[in-house]
Amino acid sequence: MCRRGDRTVAQVARDFDLTETAVREWVKQADLDAGTRTDGLTSDERDELARLRRENRRLREDVDILKRATAFFAKETRRTSTRSSRRRKHGPTGT
């Protein structure tokens with residue numbers, strides 16, 4: 001309605017019991033999506049950005065888990081190799 005020029009932002013806000021700020025933001029987003037504005041992200045770009053941020057967060061968590069697993073297995077490997085070297089030096093009983 002606002003974009004067609006039928007009503008002002010204030011009239012639409014009053015008619016639908018909305019804030020003028022909300023209506024202005026919706027009109028701005030509609031203009032971005034239509035390509036008549038270029039000072040922000042389109043809805044598709046916002047959706048993609050949100051999806052990429054979720055994916056990035058998940059990948060960071062995966063990397064963190066892999067780092068912890070690597071540290072754990074490295075520690076276990078060192079401990080196992082230390083025991084093995086003691087057995088070779090001192091015989092099967094470790095003495």
# chains A, B, ... in the order shown; residues from 1 in each chain; ligands from 1
>>> select_by_dssp(residues="chain A", states="helix (DSSP H, G or I)", output="NGL selection string")
:A and (9-15 or 20-34 or 43-90)
>>> closest_residue(among="A:Ala13, A:Arg51, A:Glu61, A:Ala71", to="Glu25 (chain A)", atoms="only C-alpha atoms")
A:Ala13
>>> residues_around(residues="Asp33 (chain A)", least_positions_apart="5", cutoff="12 Å", atoms="only C-alpha atoms", output="PyMOL selection string")
chain A and resi 26-28+38-46
>>> write_last_selection(atoms="C-alpha atoms", output="mmCIF file, in the first residue's frame")
data_model
loop_
_atom_site.group_PDB
_atom_site.id
_atom_site.type_symbol
_atom_site.label_atom_id
_atom_site.label_comp_id
_atom_site.auth_asym_id
_atom_site.auth_seq_id
_atom_site.Cartn_x
_atom_site.Cartn_y
_atom_site.Cartn_z
ATOM 1 C CA TRP A 26 9.039 -3.621 5.771
ATOM 2 C CA VAL A 27 8.835 -1.078 2.971
ATOM 3 C CA LYS A 28 12.632 -0.782 2.924
ATOM 4 C CA THR A 38 20.899 -1.206 -2.769
ATOM 5 C CA ASP A 39 21.721 -0.042 0.763
ATOM 6 C CA GLY A 40 21.104 -3.375 2.480
ATOM 7 C CA LEU A 41 20.662 -7.107 2.055
ATOM 8 C CA THR A 42 17.784 -8.720 0.213
ATOM 9 C CA SER A 43 15.709 -11.340 2.016
ATOM 10 C CA ASP A 44 17.494 -14.085 0.056
ATOM 11 C CA GLU A 45 20.860 -12.666 1.073
ATOM 12 C CA ARG A 46 19.757 -12.477 4.707
#
